[in-house]
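Engineer: Coordinates in structure-v7.cif, mmCIF, C-alpha atoms and all ligand atoms, are listed below.
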data_my_file
#
loop_
_atom_site.label_atom_id
_atom_site.label_comp_id
_atom_site.auth_asym_id
_atom_site.auth_seq_id
_atom_site.Cartn_x
_atom_site.Cartn_y
_atom_site.Cartn_z
CA MET A 1123 23.83 -11.45 -18.97
CA ASN A 1124 26.66 -12.83 -16.93
CA ASP A 1125 27.39 -16.36 -18.03
CA ARG A 1126 30.64 -16.60 -16.12
CA ILE A 1127 29.03 -17.91 -12.96
CA GLY A 1128 25.95 -19.93 -12.38
CA THR A 1129 26.50 -22.18 -15.36
CA THR A 1130 25.60 -25.82 -15.07
CA ARG A 1131 29.11 -27.01 -14.14
CA ASP A 1132 30.10 -24.41 -11.56
CA GLY A 1133 28.24 -23.94 -8.32
CA ILE A 1134 27.59 -20.93 -6.13
CA VAL A 1135 27.98 -20.92 -2.37
CA ILE A 1136 25.97 -18.29 -0.53
CA ARG A 1137 27.69 -17.70 2.83
CA GLY A 1138 25.82 -16.84 6.01
CA ALA A 1139 22.39 -15.93 4.68
CA ARG A 1140 19.52 -15.79 7.18
CA ILE A 1141 16.91 -18.01 5.53
CA LEU A 1142 13.51 -16.35 6.15
CA GLY A 1143 15.27 -14.26 8.80
CA GLY A 1144 16.49 -17.29 10.80
CA GLU A 1145 20.00 -18.30 11.85
CA PRO A 1146 22.83 -17.81 9.33
CA ALA A 1147 23.41 -20.74 6.99
CA ASP A 1148 25.31 -21.51 3.80
CA ILE A 1149 23.44 -22.46 0.63
CA LEU A 1150 25.05 -24.41 -2.21
CA ILE A 1151 23.51 -23.98 -5.65
CA ARG A 1152 24.36 -26.29 -8.51
CA ASP A 1153 22.61 -27.15 -11.80
CA GLY A 1154 19.89 -24.65 -11.00
CA LEU A 1155 18.93 -26.36 -7.76
CA LEU A 1156 19.52 -25.92 -4.05
CA VAL A 1157 21.76 -28.93 -3.40
CA GLU A 1158 22.98 -28.32 0.15
CA ILE A 1159 22.02 -26.08 3.07
CA GLY A 1160 23.97 -26.01 6.33
CA GLN A 1161 26.79 -24.48 8.38
CA GLY A 1162 30.31 -24.22 6.97
CA LEU A 1163 29.67 -25.90 3.63
CA SER A 1164 32.82 -26.66 1.71
CA ALA A 1165 32.93 -25.16 -1.74
CA GLY A 1166 34.45 -26.79 -4.78
CA GLU A 1167 37.41 -25.08 -6.48
CA SER A 1168 35.33 -23.79 -9.34
CA ASP A 1169 32.46 -22.63 -7.12
CA GLU A 1170 31.81 -18.91 -6.74
CA THR A 1171 31.17 -17.50 -3.29
CA VAL A 1172 28.57 -14.86 -2.48
CA GLU A 1173 29.03 -13.32 0.97
CA ALA A 1174 25.60 -12.85 2.51
CA GLU A 1175 26.30 -11.94 6.12
CA GLY A 1176 23.34 -9.99 7.50
CA LEU A 1177 21.23 -10.66 4.43
CA ILE A 1178 17.82 -12.33 4.47
CA ALA A 1179 17.25 -15.15 1.96
CA LEU A 1180 13.74 -15.32 0.56
CA PRO A 1181 12.30 -17.52 -2.17
CA GLY A 1182 12.35 -15.51 -5.42
CA LEU A 1183 9.41 -13.13 -5.37
CA VAL A 1184 6.41 -13.76 -7.62
CA ASP A 1185 4.12 -10.98 -8.86
CA LEU A 1186 0.56 -11.82 -9.81
CA HIS A 1187 -0.08 -8.42 -11.36
CA THR A 1188 2.45 -6.66 -13.60
CA HIS A 1189 1.84 -4.47 -16.63
CA LEU A 1190 4.75 -4.97 -19.03
CA ARG A 1191 3.02 -2.92 -21.80
CA GLU A 1192 4.50 -4.99 -24.67
CA PRO A 1193 3.15 -5.38 -27.30
CA GLY A 1194 1.83 -1.92 -28.08
CA ARG A 1195 3.15 0.57 -25.55
CA GLU A 1196 6.89 0.01 -25.74
CA ASP A 1197 7.31 3.72 -24.97
CA ALA A 1198 6.12 2.94 -21.40
CA GLU A 1199 7.77 -0.44 -20.81
CA THR A 1200 8.98 -3.53 -22.65
CA VAL A 1201 9.23 -7.11 -21.53
CA THR A 1202 12.99 -6.59 -21.24
CA THR A 1203 12.90 -3.36 -19.21
CA GLY A 1204 10.03 -4.58 -17.04
CA THR A 1205 11.70 -7.88 -16.22
CA ARG A 1206 14.98 -6.08 -15.49
CA ALA A 1207 13.02 -3.97 -13.01
CA ALA A 1208 11.46 -7.14 -11.61
CA ALA A 1209 14.85 -8.79 -11.09
CA LEU A 1210 16.14 -5.67 -9.31
CA GLY A 1211 13.07 -5.87 -7.09
CA GLY A 1212 13.88 -9.47 -6.15
CA TYR A 1213 11.33 -11.11 -8.45
CA THR A 1214 11.93 -14.35 -10.35
CA ALA A 1215 8.48 -14.52 -11.95
CA VAL A 1216 5.83 -12.01 -12.95
CA HIS A 1217 2.34 -12.40 -14.37
CA ALA A 1218 1.99 -10.03 -17.31
CA MET A 1219 -1.45 -8.43 -17.55
CA ALA A 1220 -3.44 -8.79 -20.76
CA ASN A 1221 -4.31 -5.14 -21.49
CA THR A 1222 -1.68 -4.75 -24.19
CA ASP A 1223 -2.19 -3.76 -27.84
CA PRO A 1224 -3.08 -6.20 -29.29
CA VAL A 1225 -4.83 -7.55 -26.21
CA ALA A 1226 -3.51 -10.90 -24.94
CA ASP A 1227 -6.76 -12.69 -25.80
CA THR A 1228 -5.44 -15.45 -28.10
CA ALA A 1229 -2.90 -18.25 -27.90
CA GLY A 1230 -0.74 -16.32 -30.39
CA VAL A 1231 -0.37 -13.19 -28.28
CA VAL A 1232 0.19 -14.97 -24.95
CA GLU A 1233 2.84 -17.16 -26.57
CA GLN A 1234 4.52 -14.05 -27.98
CA VAL A 1235 4.71 -12.43 -24.53
CA TRP A 1236 5.90 -15.68 -22.95
CA ARG A 1237 8.68 -16.04 -25.54
CA LEU A 1238 9.77 -12.41 -25.12
CA GLY A 1239 10.20 -13.17 -21.42
CA GLN A 1240 12.27 -16.26 -22.15
CA GLU A 1241 14.48 -14.34 -24.57
CA ALA A 1242 15.08 -11.51 -22.11
CA GLY A 1243 15.99 -14.03 -19.42
CA TYR A 1244 15.72 -11.81 -16.34
CA CYS A 1245 12.69 -13.46 -14.83
CA ASP A 1246 9.95 -15.83 -15.89
CA VAL A 1247 7.05 -14.08 -17.60
CA GLN A 1248 3.74 -15.83 -17.16
CA PRO A 1249 1.11 -14.18 -19.38
CA VAL A 1250 -2.37 -13.50 -18.04
CA GLY A 1251 -5.09 -14.11 -20.64
CA ALA A 1252 -7.95 -11.69 -21.25
CA VAL A 1253 -11.39 -12.88 -20.13
CA THR A 1254 -13.22 -11.18 -23.00
CA VAL A 1255 -12.24 -10.51 -26.62
CA GLY A 1256 -10.35 -7.23 -26.83
CA LEU A 1257 -11.29 -6.53 -23.17
CA GLY A 1258 -14.61 -5.56 -24.75
CA GLY A 1259 -16.73 -7.18 -22.06
CA GLU A 1260 -19.03 -8.79 -24.64
CA HIS A 1261 -17.66 -12.15 -25.79
CA LEU A 1262 -15.53 -14.68 -23.94
CA ALA A 1263 -11.97 -14.93 -25.28
CA GLU A 1264 -10.40 -18.27 -26.25
CA LEU A 1265 -9.65 -19.25 -22.66
CA GLY A 1266 -9.10 -22.93 -23.45
CA ALA A 1267 -6.72 -22.21 -26.34
CA MET A 1268 -4.65 -19.93 -24.10
CA ALA A 1269 -4.61 -22.56 -21.36
CA ASP A 1270 -3.43 -25.21 -23.85
CA SER A 1271 -0.81 -22.94 -25.46
CA ALA A 1272 2.92 -23.05 -24.77
CA ALA A 1273 2.31 -20.19 -22.30
CA ARG A 1274 0.07 -22.47 -20.20
CA VAL A 1275 -2.19 -19.63 -19.03
CA ARG A 1276 -4.00 -20.22 -15.74
CA VAL A 1277 -4.89 -16.65 -14.69
CA PHE A 1278 -7.47 -14.74 -16.72
CA SER A 1279 -8.27 -11.07 -16.24
CA ASP A 1280 -9.64 -8.05 -18.08
CA ASP A 1281 -7.64 -5.96 -15.60
CA GLY A 1282 -7.92 -2.26 -16.24
CA ARG A 1283 -11.57 -3.05 -16.79
CA CYS A 1284 -14.11 -4.93 -14.74
CA VAL A 1285 -15.95 -7.95 -16.14
CA SER A 1286 -19.16 -6.18 -15.18
CA ASP A 1287 -21.64 -8.44 -17.00
CA ALA A 1288 -22.75 -11.03 -14.45
CA VAL A 1289 -23.56 -13.66 -17.09
CA LEU A 1290 -20.15 -13.33 -18.76
CA MET A 1291 -18.45 -13.51 -15.36
CA ARG A 1292 -20.40 -16.64 -14.54
CA ARG A 1293 -19.42 -18.24 -17.87
CA ALA A 1294 -15.76 -17.38 -17.38
CA LEU A 1295 -15.79 -18.87 -13.87
CA GLU A 1296 -17.41 -22.04 -15.24
CA TYR A 1297 -15.01 -22.29 -18.17
CA VAL A 1298 -11.74 -22.03 -16.22
CA LYS A 1299 -12.67 -24.94 -13.96
CA ALA A 1300 -11.75 -27.35 -16.77
CA PHE A 1301 -8.04 -26.49 -16.43
CA ASP A 1302 -7.88 -25.32 -12.81
CA GLY A 1303 -7.71 -21.69 -13.89
CA VAL A 1304 -8.74 -18.62 -11.95
CA VAL A 1305 -10.52 -15.43 -12.94
CA ALA A 1306 -8.82 -12.35 -11.48
CA GLN A 1307 -11.35 -9.56 -11.21
CA HIS A 1308 -10.65 -5.83 -11.35
CA ALA A 1309 -13.58 -4.99 -9.11
CA GLN A 1310 -14.99 -1.68 -10.31
CA GLU A 1311 -18.69 -1.20 -10.95
CA PRO A 1312 -18.50 0.95 -14.09
CA ARG A 1313 -21.64 3.04 -13.65
CA LEU A 1314 -20.71 3.96 -10.08
CA THR A 1315 -17.28 5.17 -11.19
CA GLU A 1316 -18.03 7.17 -14.33
CA GLY A 1317 -15.56 10.06 -14.43
CA ALA A 1318 -14.14 9.04 -11.05
CA GLN A 1319 -10.87 10.77 -10.16
CA MET A 1320 -10.01 9.73 -6.60
CA ASN A 1321 -11.43 8.08 -3.48
CA GLU A 1322 -14.91 9.40 -2.67
CA GLY A 1323 -14.69 11.00 0.76
CA ALA A 1324 -13.78 14.12 2.67
CA VAL A 1325 -10.72 14.92 0.54
CA SER A 1326 -12.50 14.53 -2.82
CA GLY A 1327 -15.26 16.77 -1.44
CA ARG A 1328 -12.79 19.50 -0.50
CA LEU A 1329 -10.89 19.25 -3.79
CA GLY A 1330 -14.00 19.07 -5.97
CA LEU A 1331 -12.87 15.88 -7.72
CA THR A 1332 -15.38 13.21 -8.77
CA GLY A 1333 -15.32 10.38 -6.24
CA TRP A 1334 -14.62 6.64 -6.77
CA PRO A 1335 -16.76 5.20 -3.95
CA ALA A 1336 -15.76 2.15 -1.93
CA VAL A 1337 -19.13 0.59 -2.74
CA ALA A 1338 -18.17 0.36 -6.44
CA GLU A 1339 -15.44 -2.12 -5.47
CA GLU A 1340 -17.40 -3.86 -2.73
CA ALA A 1341 -20.53 -4.43 -4.85
CA ILE A 1342 -18.55 -6.37 -7.48
CA ILE A 1343 -16.62 -8.35 -4.86
CA SER A 1344 -19.90 -9.39 -3.19
CA ARG A 1345 -21.46 -10.42 -6.48
CA ASP A 1346 -18.42 -12.34 -7.66
CA CYS A 1347 -17.91 -14.20 -4.38
CA LEU A 1348 -21.52 -15.35 -4.66
CA LEU A 1349 -21.05 -16.32 -8.32
CA ALA A 1350 -17.84 -18.23 -7.60
CA ALA A 1351 -19.59 -20.12 -4.79
CA HIS A 1352 -22.58 -20.80 -7.03
CA VAL A 1353 -20.51 -22.41 -9.79
CA GLY A 1354 -17.83 -23.85 -7.47
CA SER A 1355 -14.94 -22.07 -9.14
CA ARG A 1356 -11.83 -20.13 -8.15
CA LEU A 1357 -12.00 -16.34 -7.92
CA HIS A 1358 -9.14 -13.94 -7.29
CA ILE A 1359 -9.72 -10.29 -6.38
CA CYS A 1360 -7.15 -7.84 -7.72
CA HIS A 1361 -5.82 -4.89 -5.72
CA VAL A 1362 -8.27 -4.82 -2.80
CA SER A 1363 -8.39 -1.26 -1.50
CA THR A 1364 -11.16 -0.82 1.09
CA ALA A 1365 -11.95 -1.96 4.62
CA GLY A 1366 -15.38 -3.09 3.43
CA SER A 1367 -13.81 -5.34 0.78
CA VAL A 1368 -11.74 -6.99 3.49
CA GLU A 1369 -14.89 -7.78 5.48
CA LEU A 1370 -16.55 -9.34 2.41
CA ILE A 1371 -13.52 -11.50 1.58
CA ARG A 1372 -13.27 -12.59 5.21
CA TRP A 1373 -16.95 -13.61 5.05
CA ALA A 1374 -16.47 -15.52 1.75
CA LYS A 1375 -13.48 -17.38 3.17
CA SER A 1376 -15.42 -18.24 6.33
CA LYS A 1377 -17.90 -20.02 4.06
CA GLY A 1378 -15.07 -22.13 2.63
CA TRP A 1379 -15.35 -20.56 -0.82
CA ASP A 1380 -12.29 -20.60 -3.06
CA VAL A 1381 -11.66 -16.86 -3.06
CA THR A 1382 -8.20 -15.28 -2.90
CA ALA A 1383 -7.15 -11.64 -2.88
CA GLU A 1384 -4.17 -9.37 -3.37
CA VAL A 1385 -3.21 -5.92 -2.09
CA THR A 1386 -0.69 -3.55 -3.66
CA PRO A 1387 2.25 -2.05 -1.76
CA HIS A 1388 0.91 1.46 -2.37
CA HIS A 1389 -2.46 0.63 -0.79
CA LEU A 1390 -0.54 -0.59 2.28
CA LEU A 1391 1.30 2.71 2.71
CA LEU A 1392 -0.27 5.72 1.01
CA THR A 1393 -3.58 7.54 1.61
CA ASP A 1394 -5.84 9.89 -0.30
CA ASP A 1395 -4.69 12.88 1.79
CA LEU A 1396 -1.62 12.94 -0.46
CA VAL A 1397 -3.77 14.29 -3.30
CA GLU A 1398 -4.42 17.39 -1.20
CA ASP A 1399 -1.04 17.80 0.46
CA SER A 1400 2.20 15.91 -0.20
CA PRO A 1401 5.98 16.38 -0.53
CA VAL A 1402 5.34 16.98 -4.24
CA GLY A 1403 2.48 19.44 -3.86
CA SER A 1404 -1.26 19.10 -4.26
CA TYR A 1405 -3.17 17.58 -7.20
CA ASN A 1406 0.01 15.73 -8.23
CA PRO A 1407 -1.09 12.93 -10.62
CA ILE A 1408 1.75 10.75 -9.33
CA TYR A 1409 -0.89 9.71 -6.76
CA LYS A 1410 -3.57 8.97 -9.36
CA VAL A 1411 -4.17 5.25 -9.46
CA ASN A 1412 -6.98 2.74 -9.96
CA PRO A 1413 -8.35 1.72 -7.50
CA PRO A 1414 -7.58 5.04 -5.81
CA LEU A 1415 -5.59 5.59 -2.64
CA ARG A 1416 -8.06 5.35 0.23
CA THR A 1417 -8.15 6.52 3.87
CA ARG A 1418 -5.91 5.75 6.84
CA ALA A 1419 -8.66 3.44 8.22
CA ASP A 1420 -8.63 1.46 4.95
CA VAL A 1421 -4.83 1.17 5.07
CA GLU A 1422 -5.01 -0.18 8.62
CA ALA A 1423 -7.67 -2.73 7.63
CA LEU A 1424 -5.64 -3.87 4.61
CA ARG A 1425 -2.51 -4.34 6.73
CA ALA A 1426 -4.43 -6.36 9.31
CA ALA A 1427 -6.02 -8.48 6.56
CA LEU A 1428 -2.66 -9.21 4.94
CA ALA A 1429 -1.27 -10.15 8.34
CA ASP A 1430 -4.12 -12.53 9.24
CA GLY A 1431 -4.29 -14.12 5.77
CA THR A 1432 -7.66 -12.69 4.71
CA ILE A 1433 -5.69 -11.08 1.91
CA ASP A 1434 -3.42 -13.79 0.52
CA CYS A 1435 -0.67 -11.88 -1.19
CA VAL A 1436 1.00 -8.66 -2.26
CA ALA A 1437 0.85 -7.84 -5.98
CA THR A 1438 2.51 -4.75 -7.40
CA ASP A 1439 0.08 -3.60 -10.12
CA HIS A 1440 3.28 -2.15 -11.64
CA ALA A 1441 1.74 0.28 -14.13
CA PRO A 1442 4.37 2.20 -16.09
CA HIS A 1443 3.41 5.37 -17.96
CA PRO A 1444 5.61 7.74 -19.96
CA VAL A 1445 6.14 11.22 -18.55
CA GLU A 1446 3.75 12.89 -21.00
CA ASP A 1447 0.87 10.66 -19.85
CA LYS A 1448 1.49 11.39 -16.15
CA GLU A 1449 2.62 15.02 -16.11
CA ALA A 1450 -0.73 16.40 -17.15
CA GLU A 1451 -3.42 18.13 -15.13
CA TRP A 1452 -5.04 15.73 -12.66
CA ALA A 1453 -8.16 14.93 -14.70
CA ALA A 1454 -6.21 14.20 -17.89
CA ALA A 1455 -3.37 12.17 -16.34
CA ALA A 1456 -3.14 8.39 -16.69
CA MET A 1457 -3.85 6.19 -13.68
CA GLY A 1458 -1.11 3.97 -12.28
CA MET A 1459 2.22 3.72 -10.49
CA ILE A 1460 5.36 1.68 -11.04
CA GLY A 1461 6.16 -0.67 -8.18
CA LEU A 1462 8.42 -3.62 -8.96
CA GLU A 1463 11.62 -1.99 -7.71
CA THR A 1464 10.13 -0.75 -4.42
CA ALA A 1465 7.65 -3.50 -3.46
CA LEU A 1466 9.80 -5.31 -0.92
CA ALA A 1467 10.93 -2.05 0.69
CA VAL A 1468 7.34 -0.84 1.04
CA VAL A 1469 6.23 -4.17 2.50
CA GLN A 1470 9.10 -4.01 5.00
CA GLU A 1471 8.06 -0.49 5.97
CA ALA A 1472 4.32 -1.22 6.20
CA MET A 1473 4.33 -4.78 7.54
CA VAL A 1474 7.69 -5.79 9.03
CA GLU A 1475 8.71 -2.56 10.77
CA THR A 1476 5.21 -2.44 12.27
CA GLY A 1477 5.55 -5.96 13.66
CA LEU A 1478 2.64 -7.28 11.59
CA LEU A 1479 4.70 -9.79 9.56
CA ASP A 1480 7.98 -11.62 10.01
CA TRP A 1481 10.16 -12.60 7.05
CA ALA A 1482 8.52 -16.01 6.75
CA GLY A 1483 5.23 -14.15 6.45
CA VAL A 1484 6.68 -11.92 3.76
CA ALA A 1485 7.92 -14.99 1.84
CA GLU A 1486 4.47 -16.55 2.00
CA ARG A 1487 2.71 -13.41 0.76
CA MET A 1488 5.19 -12.29 -1.89
CA SER A 1489 6.31 -15.66 -3.28
CA CYS A 1490 4.51 -18.83 -2.13
CA ALA A 1491 0.89 -17.62 -2.20
CA PRO A 1492 1.06 -15.83 -5.57
CA ALA A 1493 2.78 -18.85 -7.16
CA ARG A 1494 0.09 -21.11 -5.72
CA ILE A 1495 -2.78 -18.91 -6.91
CA GLY A 1496 -1.24 -18.69 -10.40
CA ARG A 1497 -0.50 -22.46 -10.43
CA LEU A 1498 3.03 -21.47 -11.38
CA ARG A 1499 5.49 -24.32 -11.46
CA GLY A 1500 8.98 -24.02 -10.00
CA HIS A 1501 8.37 -20.83 -8.02
CA GLY A 1502 7.27 -20.01 -4.51
CA GLN A 1503 8.73 -23.15 -3.03
CA PRO A 1504 10.34 -23.47 0.41
CA ILE A 1505 14.10 -22.89 0.59
CA GLU A 1506 15.11 -26.52 0.98
CA VAL A 1507 17.36 -29.05 -0.71
CA GLY A 1508 16.03 -30.13 -4.09
CA ALA A 1509 14.05 -26.96 -4.78
CA PRO A 1510 14.77 -24.79 -7.84
CA ALA A 1511 17.34 -22.12 -6.94
CA ASN A 1512 15.01 -19.14 -7.22
CA LEU A 1513 16.24 -16.87 -4.45
CA THR A 1514 16.39 -13.28 -3.32
CA LEU A 1515 19.03 -11.91 -0.95
CA TYR A 1516 17.82 -8.80 0.85
CA ASP A 1517 19.52 -6.34 3.19
CA PRO A 1518 16.86 -5.02 5.60
CA ALA A 1519 19.27 -2.81 7.56
CA VAL A 1520 19.85 0.04 5.13
CA ARG A 1521 17.57 3.05 4.70
CA ALA A 1522 17.81 5.37 1.75
CA ALA A 1523 15.90 8.09 -0.06
CA VAL A 1524 13.99 6.72 -3.04
CA ASP A 1525 15.69 7.80 -6.26
CA PRO A 1526 14.11 6.50 -9.45
CA ALA A 1527 16.98 7.86 -11.58
CA GLY A 1528 18.68 4.48 -11.63
CA TYR A 1529 15.57 2.34 -12.10
CA ALA A 1530 15.53 -0.25 -14.85
CA SER A 1531 11.88 0.43 -15.63
CA LYS A 1532 11.39 2.62 -18.68
CA SER A 1533 8.96 4.78 -16.70
CA ARG A 1534 9.47 6.96 -13.64
CA ASN A 1535 5.97 7.27 -12.16
CA THR A 1536 6.85 6.23 -8.62
CA PRO A 1537 4.85 7.75 -5.76
CA TYR A 1538 7.73 7.21 -3.32
CA GLN A 1539 10.12 9.86 -4.61
CA GLY A 1540 11.18 12.03 -1.70
CA LEU A 1541 10.46 9.28 0.84
CA THR A 1542 13.03 7.29 2.74
CA LEU A 1543 12.43 3.53 2.62
CA PRO A 1544 14.25 0.59 4.19
CA GLY A 1545 15.99 -2.31 2.54
CA ARG A 1546 17.85 -3.20 -0.60
CA VAL A 1547 17.71 -6.24 -2.88
CA VAL A 1548 21.33 -7.38 -3.07
CA ALA A 1549 21.01 -10.45 -5.29
CA THR A 1550 18.42 -12.39 -7.24
CA PHE A 1551 18.94 -15.91 -8.59
CA LEU A 1552 16.78 -17.41 -11.34
CA ARG A 1553 17.24 -21.20 -11.42
CA GLY A 1554 20.70 -20.72 -9.96
CA ARG A 1555 21.81 -18.00 -12.35
CA PRO A 1556 22.29 -14.56 -10.80
CA THR A 1557 20.21 -11.90 -12.51
CA VAL A 1558 21.24 -9.34 -9.88
CA LEU A 1559 24.48 -9.22 -7.85
CA ASP A 1560 25.60 -6.41 -5.53
CA GLY A 1561 22.31 -4.69 -6.28
CA LYS A 1562 23.07 -4.47 -9.99
CA LEU A 1563 21.88 -6.40 -13.02
CA THR A 1564 24.42 -8.96 -14.14
ZN ZN A 1601 -6.72 -3.30 -12.10
#
Any chance you could put this one into structure tokens?
Ligand SMILES: [Zn+2]
Structural biologist:
Amino acid sequence: MNDRIGTTRDGIVIRGARILGGEPADILIRDGLLVEIGQGLSAGESDETVEAEGLIALPGLVDLHTHLREPGREDAETVTTGTRAAALGGYTAVHAMANTDPVADTAGVVEQVWRLGQEAGYCDVQPVGAVTVGLGGEHLAELGAMADSAARVRVFSDDGRCVSDAVLMRRALEYVKAFDGVVAQHAQEPRLTEGAQMNEGAVSGRLGLTGWPAVAEEAIISRDCLLAAHVGSRLHICHVSTAGSVELIRWAKSKGWDVTAEVTPHHLLLTDDLVEDSPVGSYNPIYKVNPPLRTRADVEALRAALADGTIDCVATDHAPHPVEDKEAEWAAAAMGMIGLETALAVVQEAMVETGLLDWAGVAERMSCAPARIGRLRGHGQPIEVGAPANLTLYDPAVRAAVDPAGYASKSRNTPYQGLTLPGRVVATFLRGRPTVLDGKLT
């Protein structure tokens, strides 16, 4: 790490950044805080200057849904490589999913992951705790002990698996109320998706692949919204992928129920047609993901829902896999895509270039809302004097072909290879310390 600048004594002056896409302004960072914002700020002699003409300043991005794979699958990703990827993507905090080996279902494991994040120092790692012991779906994990631990867990999820037992889900929702926690559900009715390979529809019919029907997601979302309302608890829906799910969440919110939802960048851009015909051929498992890529109509509904606030935030579901797990025949290949280093570009392409969101809207959905849902302190705050200096500087004007060769992630399973995407993260600041400058890790 670069300890030359951004130390407690010296400040950093960011010149001419467009805060949330507004008029250019200077930002003075000192002691990890934003201490002055205005035109023509005078820098001290020992202050560093970062020229930011034409760049957008956003609050440091926050991911509610990252798979860092450590402990257990360090061949796919580690806390260090995953948080380096996060910093390059403009993130200052990520929630690390619990489906590691061992599973993050005790205070000991979540504290281990939290400490690994602190030691790496590229972005804050907030562990997610498992809902059930070993993700087994049978016994509640030690939710209270994880909440009380040094890792201060507030988000609980068996992600990768659905908490399909309605009684267990009810108990989890009741339990987390004590510490203002939230249960994040991977909504997948297991019996309806046995052997499922891709979205159930016209394309799966033509290709002869077992379908993952929309109703398998929507049935669980309906049930869990009703359960959350019944017990008066907070529910978060992971990676919403269908138009029907959007309608259900809109209905739950209209009732005033405390339900939030996320959508992934890939579900905002890609469709199931790619399994049949794509720049990288047909049946390419790079497009195999859970929940699966859906139809163009679903993509349009998800974009509209993110724009109108029905879906609260973007979460990457960054799911690294080593080459040998992905480059198999379709049925044998692992599900999942990496996404930390392309999330902002994909959101620009899907939401900003289409006129659905402005940069303030992007900041809300990629930083403020996820921090709020995760009850994460010090992140997702407005760019104003006194706030922690967690910032991302982004150049929206460039367009380039996606090339994963230089990615910091240990894995290469990006579905965007061969596409041209806009934007580039130029700098990321974590509590005033640059983790990325000139698009490179410091
Ligand atoms: Zn999931």
Engineer: Select, from A:Lys1448, A:Arg1416, A:Arg1521, A:His1389, the residue with the minimum atom-to-atom distance to Val1469 of chain A, counting only C-alpha atoms.
Structural biologist: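 Closest residue, counting only C-alpha atoms: A:His1389.
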Engineer: For Gly1194 of chain A, find every residue with an atom within 9 Å (counting all atoms listed in the file), except residues of its own chain fewer than 2 positions away, and show them as an NGL selection string.
Structural biologist: :A and (1191-1192 or 1196-1197 or 1222-1225)
Engineer: Kindly assemble as CSV a list of the chain A residues that lie within 10 Å of ligand ZN 1601 (chain A), each paired with its nearest atom pair and their distance in Å to one decimal, using only C-alpha atoms and all ligand atoms, sorted first by chain and then by ascending residue number.
Structural biologist:
residue,atom,partner,partner_atom,distance
A:His1187,CA,A:ZN1601,ZN,8.4
A:Thr1188,CA,A:ZN1601,ZN,9.9
A:His1189,CA,A:ZN1601,ZN,9.8
A:Met1219,CA,A:ZN1601,ZN,9.2
A:Asn1221,CA,A:ZN1601,ZN,9.9
A:Ser1279,CA,A:ZN1601,ZN,8.9
A:Asp1280,CA,A:ZN1601,ZN,8.2
A:Asp1281,CA,A:ZN1601,ZN,4.5
A:Gly1282,CA,A:ZN1601,ZN,4.4
A:Arg1283,CA,A:ZN1601,ZN,6.8
A:Cys1284,CA,A:ZN1601,ZN,8.0
A:Ala1306,CA,A:ZN1601,ZN,9.3
A:Gln1307,CA,A:ZN1601,ZN,7.8
A:His1308,CA,A:ZN1601,ZN,4.7
A:Ala1309,CA,A:ZN1601,ZN,7.7
A:Gln1310,CA,A:ZN1601,ZN,8.6
A:Ile1359,CA,A:ZN1601,ZN,9.5
A:Cys1360,CA,A:ZN1601,ZN,6.3
A:His1361,CA,A:ZN1601,ZN,6.6
A:Val1362,CA,A:ZN1601,ZN,9.6
A:Val1411,CA,A:ZN1601,ZN,9.3
A:Asn1412,CA,A:ZN1601,ZN,6.4
A:Pro1413,CA,A:ZN1601,ZN,7.0
A:Asp1439,CA,A:ZN1601,ZN,7.1
A:Ala1441,CA,A:ZN1601,ZN,9.4
A:Gly1458,CA,A:ZN1601,ZN,9.2
Engineer: Which one is closest to Gly1323 of chain A: A:Arg1418, A:Arg1152, A:His1217, A:Arg1487? Count only C-alpha atoms.
Structural biologist: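 Smallest distance to Gly1323 of chain A is found for A:Arg1418.
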Engineer: Excluding segment 1130-1141 of chain A and its own-chain neighbours fewer than 6 positions away, which residues fall within 6 Å of it when counting all atoms listed in the file? Please give them as a list in words.
Structural biologist: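 Neighbouring residues, sequence-local ones excluded: Ala1147, Asp1148, Ile1149, Leu1150, Ile1151, Arg1152, Asp1153, Ser1168, Asp1169, Glu1170, Thr1171, Val1172, Glu1173, Ala1174, Glu1175, Leu1177, Ile1178 and Ala1179 of chain A.
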Engineer: Which polymer residues have any atom within 10 Å of an atom of Glu1471 of chain A, counting all atoms listed in the file, with same-chain residues fewer than 5 positions away left out, as a PyMOL selection string?
Structural biologist: chain A and resi 1387+1390-1391+1465-1466+1476-1477+1518+1542-1545
Engineer: Which residue, A:Ala1220, A:Val1558, A:Leu1428, A:Ala1530, has the smallest gap to Ala1472 of chain A when you use all atoms listed in the file?
Structural biologist: A:Leu1428
Engineer: Do you know which residues are at most 12 Å from Glu1241 of chain A counting all atoms listed in the file, after dropping those on the same chain fewer than 4 positions away, and could you put them as a ChimeraX atom specification?
Structural biologist: /A:1123,1201-1202,1205,1234-1237,1245-1247
Engineer: Determine the nearest neighbour of Val1368 of chain A from the options A:Val1421, A:Leu1210, A:Val1231, A:Ile1495, counting all atoms listed in the file.
Structural biologist: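 Checking each candidate against Val1368 of chain A, we get A:Val1421 as the closest.
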Engineer: Of the candidates A:Ala1456, A:Leu1498, A:Ala1374, A:Ala1419, which shows the shortest atom-to-atom distance to Pro1249 of chain A, using all atoms listed in the file?
Structural biologist: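 Among the listed residues, the smallest separation from Pro1249 of chain A belongs to A:Leu1498.
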Engineer: So that I can check the surroundings of Tyr1297 of chain A, please list as a list in words every protein, DNA and RNA residue that reaches within 12 Å of it, counting all atoms listed in the file and ignoring chain neighbours fewer than 2 positions away.
Structural biologist: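 With the cut-off at 12 Å, the set is Val1253, Leu1262, Ala1263, Glu1264, Leu1265, Gly1266, Ala1267, Ala1269, Arg1276, Phe1278, Leu1290, Met1291, Arg1292, Arg1293, Ala1294, Leu1295, Lys1299, Ala1300, Phe1301, Asp1302, Gly1303, Val1304, Val1305, Ala1350, Val1353, Gly1354, Ser1355 and Arg1356 of chain A.
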